[in-house]
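Novice: Below you'll find the structure I mean.
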Amino acid sequence: MKGRNTWLPRVAIILISAVLLGLLGFGLLRVLQRIRIQQKKPADLPLKEIDSNKLGQFSRQYELTRREQEILEILVHGKSNKEISEDLYISTETTKKHIKNIMRKTQARSRLEILVKISNF
């Protein structure tokens, strides 16, 4: 009697392990995708030459504030939040907030997507 039901817990453990490994693998894949996206710089993109006139039109279309437009002009050159903060003499938290506002207004999910939208504008 004891030997008959021992396979059930083993099968359950194997199934649970498989599901957890699958979820872990999926999570790891998402992390790797995010790292890959974050490593891309505007120089890696096939961006056309973006002039201030085009940025101005883009900013008006999406109703960006003057400060958001200033940040966008620096963002196009591939600078980090820290570099943008130093250039504009603001905190990195303020820079992040402005970039989040730009993303919200342009319905972009990443800095890279903002740059693509500008390029296609």
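Each chain of the structure tokens is named A, B, ... in the order shown, its residues numbered from 1; ligands are numbered from 1 in display order.
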Do a neighbour search on A:Arg111 at 9 Å with only C-alpha atoms, toss out local chain neighbours closer than 3 positions, and write the hits as a list of chain:residue names.
Specialist: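 The neighbour list is A:Gln38, A:Leu75, A:Ile99, A:Met103, A:Ala108, A:Ile114, A:Leu115, A:Val116.
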Novice: Expressed in Å to a single decimal, how great is the separation between atom CA of A:Thr65 and atom CA of A:Thr92?
Specialist: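 Taking atom CA of A:Thr65 and atom CA of A:Thr92, their separation equals 17.9 Å.
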Novice: Between atom CA of A:Phe58 and atom CA of A:Asp87, what is the distance, to one decimal in Å?
Specialist: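 Answer for the atom CA of A:Phe58 to atom CA of A:Asp87 separation: 21.9 Å.
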Novice: Do a neighbour search on A:Lys82 at 10 Å with only C-alpha atoms, toss out local chain neighbours closer than 4 positions, and write the hits as a list in words.
Specialist: Glu86, Asp87, Ile90, Ser91, Thr92, Glu93, Thr95 and Lys96 of chain A
Novice: Could you please take those selected residues and save C-alpha atoms as a short mmCIF file (atom, residue, chain, number, x, y, z; two decimals), in the first residue's frame?
Specialist:
```
data_model
loop_
_atom_site.label_atom_id
_atom_site.label_comp_id
_atom_site.auth_asym_id
_atom_site.auth_seq_id
_atom_site.Cartn_x
_atom_site.Cartn_y
_atom_site.Cartn_z
CA GLU A 86 23.87 68.04 -15.02
CA ASP A 87 23.28 69.96 -18.26
CA ILE A 90 18.14 69.80 -12.05
CA SER A 91 17.95 66.61 -9.98
CA THR A 92 17.86 63.21 -11.64
CA GLU A 93 14.44 62.64 -10.08
CA THR A 95 14.65 64.58 -15.07
CA LYS A 96 12.96 61.19 -14.68
#
```
Novice: Hey, can you check how far atom CA of A:Leu55 sits from atom CA of A:Ile74?
Specialist: 11.0 Å
